[in-house]
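The file final-v7.pdb comes next; it holds PDB, C-alpha atoms.
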ATOM      1  CA  MET A   1       0.000   0.000   0.000
ATOM      2  CA  LEU A   2       1.466   3.352  -0.987
ATOM      3  CA  ARG A   3       1.141   6.354   1.216
ATOM      4  CA  PHE A   4       0.900   9.680  -0.568
ATOM      5  CA  VAL A   5       1.398  13.085   0.931
ATOM      6  CA  PHE A   6      -0.775  15.795  -0.590
ATOM      7  CA  LEU A   7       0.374  19.363  -0.033
ATOM      8  CA  TYR A   8      -2.143  22.174  -0.366
ATOM      9  CA  PHE A   9      -0.865  25.736  -0.543
ATOM     10  CA  SER A  10      -4.002  27.860  -1.071
ATOM     11  CA  ASP A  11      -2.092  31.133  -0.787
ATOM     12  CA  ILE A  12      -0.057  30.282  -3.919
ATOM     13  CA  TRP A  13      -3.165  29.321  -5.867
ATOM     14  CA  LEU A  14      -5.368  32.231  -4.776
ATOM     15  CA  TYR A  15      -3.012  35.210  -4.979
ATOM     16  CA  ASN A  16      -1.374  34.657  -8.316
ATOM     17  CA  ASN A  17      -2.567  35.807 -11.739
ATOM     18  CA  TYR A  18      -0.463  33.092 -13.391
ATOM     19  CA  GLY A  19      -2.200  30.287 -11.544
ATOM     20  CA  ASP A  20      -2.052  27.783 -14.369
ATOM     21  CA  TYR A  21       1.703  28.153 -14.731
ATOM     22  CA  LEU A  22       2.353  28.005 -10.985
ATOM     23  CA  LEU A  23      -0.053  25.111 -10.505
ATOM     24  CA  LYS A  24       1.804  23.105 -13.149
ATOM     25  CA  LYS A  25       5.094  24.215 -11.663
ATOM     26  CA  PHE A  26       3.856  23.258  -8.180
ATOM     27  CA  ILE A  27       2.845  19.806  -9.383
ATOM     28  CA  SER A  28       6.146  19.181 -11.144
ATOM     29  CA  ILE A  29       8.301  20.562  -8.318
ATOM     30  CA  PHE A  30       6.447  19.296  -5.230
ATOM     31  CA  PHE A  31       3.798  16.684  -5.954
ATOM     32  CA  ILE A  32       5.692  14.342  -8.306
ATOM     33  CA  PRO A  33       8.839  14.146  -6.124
ATOM     34  CA  VAL A  34       6.722  13.617  -2.997
ATOM     35  CA  CYS A  35       4.863  10.751  -4.708
ATOM     36  CA  PHE A  36       8.135   9.262  -5.920
ATOM     37  CA  PHE A  37       9.627   9.550  -2.431
ATOM     38  CA  SER A  38       6.531   7.944  -0.919
ATOM     39  CA  LEU A  39       7.344   4.756  -2.818
ATOM     40  CA  PHE A  40      10.169   4.275  -0.352
ATOM     41  CA  ILE A  41       8.209   5.110   2.796
ATOM     42  CA  ASN A  42       7.155   1.868   4.392
ATOM     43  CA  SER A  43       5.472   0.938   7.629
ATOM     44  CA  SER A  44       5.907  -2.624   8.897
ATOM     45  CA  ASN A  45       2.575  -3.806   7.474
ATOM     46  CA  THR A  46       2.300  -2.135   4.095
ATOM     47  CA  VAL A  47       4.182  -4.994   2.441
ATOM     48  CA  ASN A  48       2.607  -7.796   4.464
ATOM     49  CA  GLU A  49       5.657  -8.708   6.505
ATOM     50  CA  TYR A  50       5.033 -11.160   9.327
ATOM     51  CA  CYS A  51       7.090 -12.242  12.311
ATOM     52  CA  PHE A  52       7.189 -15.479  14.270
ATOM     53  CA  PRO A  53       4.527 -15.592  17.006
ATOM     54  CA  CYS A  54       6.993 -16.873  19.624
ATOM     55  CA  ASP A  55      10.713 -17.160  20.218
ATOM     56  CA  THR A  56      10.887 -20.838  19.282
ATOM     57  CA  LYS A  57      10.909 -21.729  15.586
ATOM     58  CA  ILE A  58      10.281 -25.430  16.276
ATOM     59  CA  ILE A  59       7.112 -26.578  14.530
ATOM     60  CA  THR A  60       5.535 -29.585  16.215
ATOM     61  CA  SER A  61       2.495 -29.914  13.939
ATOM     62  CA  LYS A  62       2.114 -28.461  10.456
ATOM     63  CA  TYR A  63      -0.921 -27.090   8.638
ATOM     64  CA  GLY A  64      -2.892 -29.739   6.745
ATOM     65  CA  TYR A  65      -4.043 -33.326   7.202
ATOM     66  CA  ARG A  66      -2.464 -35.312  10.014
ATOM     67  CA  ASP A  67      -2.948 -38.492  12.007
ATOM     68  CA  LEU A  68      -3.832 -37.804  15.603
ATOM     69  CA  LEU A  69      -4.945 -40.341  18.193
ATOM     70  CA  GLY A  70      -5.709 -42.964  15.537
ATOM     71  CA  SER A  71      -7.690 -40.807  13.109
ATOM     72  CA  THR A  72      -6.908 -38.410  10.285
ATOM     73  CA  ASN A  73      -8.054 -34.833  10.660
ATOM     74  CA  PHE A  74      -7.334 -31.433   9.146
ATOM     75  CA  HIS A  75      -5.143 -29.156  11.245
ATOM     76  CA  ASN A  76      -6.023 -25.568  10.318
ATOM     77  CA  GLY A  77      -2.897 -23.987  11.751
ATOM     78  CA  THR A  78       0.699 -24.455  12.814
ATOM     79  CA  ASP A  79       1.770 -25.583  16.276
ATOM     80  CA  PHE A  80       4.961 -24.190  17.777
ATOM     81  CA  GLY A  81       6.739 -26.210  20.458
ATOM     82  CA  ALA A  82       6.789 -23.424  23.007
ATOM     83  CA  SER A  83       6.779 -24.242  26.706
ATOM     84  CA  ARG A  84       4.295 -22.930  29.243
ATOM     85  CA  GLY A  85       4.914 -19.245  29.976
ATOM     86  CA  SER A  86       6.652 -18.561  26.642
ATOM     87  CA  LYS A  87       5.911 -15.130  25.175
ATOM     88  CA  ILE A  88       3.402 -14.829  22.305
ATOM     89  CA  TYR A  89       3.754 -11.949  19.821
ATOM     90  CA  ALA A  90       1.430 -10.433  17.205
ATOM     91  CA  ILE A  91       2.626 -11.648  13.782
ATOM     92  CA  SER A  92       1.490  -8.354  12.210
ATOM     93  CA  SER A  93      -0.104  -5.085  13.315
ATOM     94  CA  GLY A  94      -3.846  -4.969  13.825
ATOM     95  CA  THR A  95      -6.810  -4.656  16.153
ATOM     96  CA  ILE A  96      -7.695  -7.185  18.851
ATOM     97  CA  THR A  97     -11.166  -8.585  18.072
ATOM     98  CA  HIS A  98     -11.340 -11.516  20.506
ATOM     99  CA  VAL A  99      -9.869 -12.313  23.910
ATOM    100  CA  GLY A 100     -11.157 -15.372  25.730
ATOM    101  CA  PHE A 101     -12.013 -19.052  25.461
ATOM    102  CA  LEU A 102     -12.888 -20.651  22.102
ATOM    103  CA  ASN A 103     -13.857 -24.309  21.707
ATOM    104  CA  GLY A 104     -10.945 -26.230  20.243
ATOM    105  CA  TYR A 105      -8.461 -23.398  20.777
ATOM    106  CA  GLY A 106      -8.892 -22.810  24.505
ATOM    107  CA  ASN A 107      -7.791 -19.401  25.735
ATOM    108  CA  SER A 108      -7.150 -17.405  22.604
ATOM    109  CA  VAL A 109      -6.661 -14.017  20.981
ATOM    110  CA  ILE A 110      -7.734 -12.976  17.465
ATOM    111  CA  ILE A 111      -6.180 -10.007  15.654
ATOM    112  CA  SER A 112      -7.720  -8.392  12.547
ATOM    113  CA  HIS A 113      -4.914  -7.102  10.342
ATOM    114  CA  GLN A 114      -4.909  -4.148   7.968
ATOM    115  CA  ASN A 115      -4.742  -6.349   4.854
ATOM    116  CA  GLY A 116      -7.963  -8.174   5.782
ATOM    117  CA  TYR A 117      -6.240 -11.227   7.254
ATOM    118  CA  LYS A 118      -6.874 -12.450  10.799
ATOM    119  CA  SER A 119      -4.563 -14.380  13.090
ATOM    120  CA  LEU A 120      -5.694 -16.621  15.947
ATOM    121  CA  TYR A 121      -3.379 -17.617  18.801
ATOM    122  CA  GLY A 122      -4.590 -20.647  20.756
ATOM    123  CA  HIS A 123      -3.853 -22.488  24.029
ATOM    124  CA  MET A 124      -2.836 -19.309  25.826
ATOM    125  CA  ASP A 125      -2.447 -18.611  29.529
ATOM    126  CA  GLU A 126      -5.376 -17.189  31.497
ATOM    127  CA  THR A 127      -3.616 -13.824  31.783
ATOM    128  CA  TYR A 128      -3.743 -11.733  28.611
ATOM    129  CA  ASN A 129      -1.651  -8.692  27.776
ATOM    130  CA  VAL A 130      -4.350  -7.202  25.473
ATOM    131  CA  SER A 131      -8.054  -6.311  25.466
ATOM    132  CA  ILE A 132     -10.675  -6.198  22.716
ATOM    133  CA  GLY A 133     -10.259  -3.006  20.674
ATOM    134  CA  ASP A 134      -6.540  -2.582  21.383
ATOM    135  CA  TYR A 135      -4.344  -1.786  18.400
ATOM    136  CA  VAL A 136      -1.070  -3.725  18.481
ATOM    137  CA  SER A 137       2.054  -3.491  16.355
ATOM    138  CA  LYS A 138       3.880  -6.398  14.763
ATOM    139  CA  GLY A 139       5.923  -8.134  17.477
ATOM    140  CA  TYR A 140       3.824  -6.801  20.359
ATOM    141  CA  LEU A 141       3.594  -9.129  23.375
ATOM    142  CA  ILE A 142      -0.057 -10.280  23.481
ATOM    143  CA  GLY A 143       0.228 -13.028  26.116
ATOM    144  CA  TYR A 144       1.852 -16.294  27.134
ATOM    145  CA  VAL A 145       1.583 -19.997  26.311
ATOM    146  CA  GLY A 146      -0.826 -21.648  28.719
ATOM    147  CA  PRO A 147      -1.089 -25.006  30.474
ATOM    148  CA  LYS A 148      -2.869 -28.127  29.262
ATOM    149  CA  TYR A 149      -5.531 -27.671  31.955
ATOM    150  CA  LEU A 150      -6.871 -24.305  33.091
ATOM    151  CA  SER A 151      -7.346 -23.308  36.737
ATOM    152  CA  ASN A 152     -11.000 -24.426  36.566
ATOM    153  CA  GLY A 153      -9.872 -27.928  35.520
ATOM    154  CA  LYS A 154     -11.103 -27.457  31.949
ATOM    155  CA  LEU A 155      -8.902 -28.599  29.057
ATOM    156  CA  ASN A 156      -7.290 -25.587  27.328
ATOM    157  CA  GLY A 157      -8.745 -26.491  23.914
ATOM    158  CA  PHE A 158      -7.879 -29.633  21.956
ATOM    159  CA  THR A 159      -4.339 -30.026  23.218
ATOM    160  CA  THR A 160      -1.984 -32.746  24.343
ATOM    161  CA  GLY A 161       0.190 -30.280  26.269
ATOM    162  CA  PRO A 162       1.507 -26.708  26.300
ATOM    163  CA  HIS A 163       2.245 -25.216  22.850
ATOM    164  CA  LEU A 164       1.196 -22.268  20.710
ATOM    165  CA  HIS A 165      -1.348 -22.861  17.954
ATOM    166  CA  LEU A 166      -1.417 -20.226  15.163
ATOM    167  CA  THR A 167      -4.235 -20.103  12.609
ATOM    168  CA  VAL A 168      -4.309 -17.466   9.854
ATOM    169  CA  PHE A 169      -7.476 -16.553   7.943
ATOM    170  CA  ASP A 170      -7.367 -14.788   4.570
ATOM    171  CA  LYS A 171      -9.689 -11.966   3.440
ATOM    172  CA  ASN A 172     -12.421 -14.539   2.687
ATOM    173  CA  SER A 173     -12.110 -16.174   6.147
ATOM    174  CA  ASN A 174     -10.469 -19.295   4.710
ATOM    175  CA  THR A 175      -7.554 -20.718   6.672
ATOM    176  CA  ILE A 176      -4.146 -20.560   5.019
ATOM    177  CA  ASN A 177      -0.850 -22.161   5.908
ATOM    178  CA  PRO A 178       0.931 -19.782   8.334
ATOM    179  CA  GLU A 179       4.278 -20.960   6.957
ATOM    180  CA  SER A 180       3.311 -19.509   3.550
ATOM    181  CA  LEU A 181       3.626 -16.038   5.127
ATOM    182  CA  ASN A 182       7.408 -16.426   5.234
ATOM    183  CA  LEU A 183       7.596 -15.596   8.939
ATOM    184  CA  LYS A 184      10.671 -13.621   9.989
ATOM    185  CA  ASN A 185      12.292 -12.798  13.319
ATOM    186  CA  LYS A 186      10.592  -9.862  15.018
TER     187      LYS A 186
END

Kindly return the structure encoded in the file as structure tokens.
Amino acid sequence: MLRFVFLYFSDIWLYNNYGDYLLKKFISIFFIPVCFFSLFINSSNTVNEYCFPCDTKIITSKYGYRDLLGSTNFHNGTDFGASRGSKIYAISSGTITHVGFLNGYGNSVIISHQNGYKSLYGHMDETYNVSIGDYVSKGYLIGYVGPKYLSNGKLNGFTTGPHLHLTVFDKNSNTINPESLNLKNK
């Protein structure tokens, strides 16, 4: 996404009898260079850069079909082998749209990103570092990896033990392979 800066100097346009000449001159001297320069201005999310959601890069279960407990099922995300208490980071900037328990994912956070994607972080601790409506930047600490069982004795989603589950939804709410985002260090 390009960001353009539009300059408006009404005093030049209003107080000059040669407005056409100065307007063209203004456009060629100011507007075109500013637009050209804006090609090189980049915030962390304008080119869809993503970072790893935790410090570990060890993937314990990939996106796609897998055998689990004697049956084949579709795993709609990527599991990272992070231990309980490990930090969880936003993979990209966006707005927090969910904080709480979701069936299958346990304690979780969902972030809506500027490009229309959403990221879901599952099996989190009961203490969150964000609230619904918060805007977070890429790499922001949103919470911690949780236990297998929560303090109320309930299973923290469909889990065999502490880890971070990351699901990414595209603009049409279809899941995509998080590894296809080419995750980088934060």

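Picked by the PyMOL selection byres ((chain A and resi 169) around 10) from the coordinates shown: Asn76, Gly77, Ser112, Gly116, Tyr117, Lys118, Ser119, Leu120, Thr167, Val168, Asp170, Lys171, Asn172, Ser173, Asn174, Thr175, Ile176, Asn177 and Pro178 of chain A.
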
Identify all residues satisfying the PyMOL selection byres ((chain A and resi 84) around 6) in the given file; provide them as a PDB file with C-alpha atoms, keeping the file's coordinate frame.
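File produced: result.pdb:
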ATOM      1  CA  SER A  83       6.779 -24.242  26.706  1.00  0.00           C
ATOM      2  CA  GLY A  85       4.914 -19.245  29.976  1.00  0.00           C
ATOM      3  CA  SER A  86       6.652 -18.561  26.642  1.00  0.00           C
ATOM      4  CA  VAL A 145       1.583 -19.997  26.311  1.00  0.00           C
ATOM      5  CA  GLY A 146      -0.826 -21.648  28.719  1.00  0.00           C
ATOM      6  CA  PRO A 147      -1.089 -25.006  30.474  1.00  0.00           C
ATOM      7  CA  PRO A 162       1.507 -26.708  26.300  1.00  0.00           C
TER       8      PRO A 162
END

The PyMOL selection byres ((chain A and resi 149-158) around 7) resolved against shown file, as a list in words: Asn103, Gly104, Tyr105, Gly106, Asn107, His123, Pro147, Lys148 and Thr159 of chain A

- Message: Set the distance at 9 Å and use all atoms listed in the file: which residues neighbour Tyr135 in chain A once local chain neighbours fewer than 2 positions away are removed? I'd like the list as JSON, numbers by chain.
- Response: {"A": [93, 94, 95, 96, 111, 130, 132, 133, 137]}

Correct to one decimal, the distance CA of Lys57 in chain A-CA of Ser71 in chain A is 26.8 Å

Taken to one decimal, the CA of Thr56 in chain A-CA of Gly139 in chain A distance is 13.8 Å

Two-atom distance - CA of His165 in chain A, CA of Glu49 in chain A (Å)
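Separation of CA of His165 in chain A and CA of Glu49 in chain A: 19.5 Å.
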
| Which residues, written as a PyMOL selection string, have at least one atom at most 9 Å from Pro53 in chain A, with all atoms listed in the file counted and residues fewer than 4 positions away on the same chain left out? | chain A and resi 57+80+87-91+121+139+164+166+183+186

Practice item. Identify which of the residues A:Ser92, A:Met124, A:Tyr63, A:Thr72 lies closest to Gly161 in chain A, counting all atoms listed in the file when measuring atom-to-atom distances. Key: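 Among A:Ser92, A:Met124, A:Tyr63, A:Thr72, it is A:Met124 that comes nearest to Gly161 in chain A.
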
(message) Could you check the closest approach to Thr78 in chain A for each of A:His113, A:His163, A:Lys138, A:Lys184 and tell me which residue wins, using all atoms listed in the file?
(response)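 Selected residue with least distance to Thr78 in chain A: A:His163.
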
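Checking A:Tyr50, A:Ile110, A:Arg66, A:Ile58 one by one against Asp134 in chain A, counting all atoms listed in the file, you find the shortest gap at A:Ile110.
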
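With only C-alpha atoms as the atoms that count, the minimum distance from Val99 in chain A to the choices A:Asn185, A:Ser180, A:Ser131, A:Thr60 is reached by A:Ser131.
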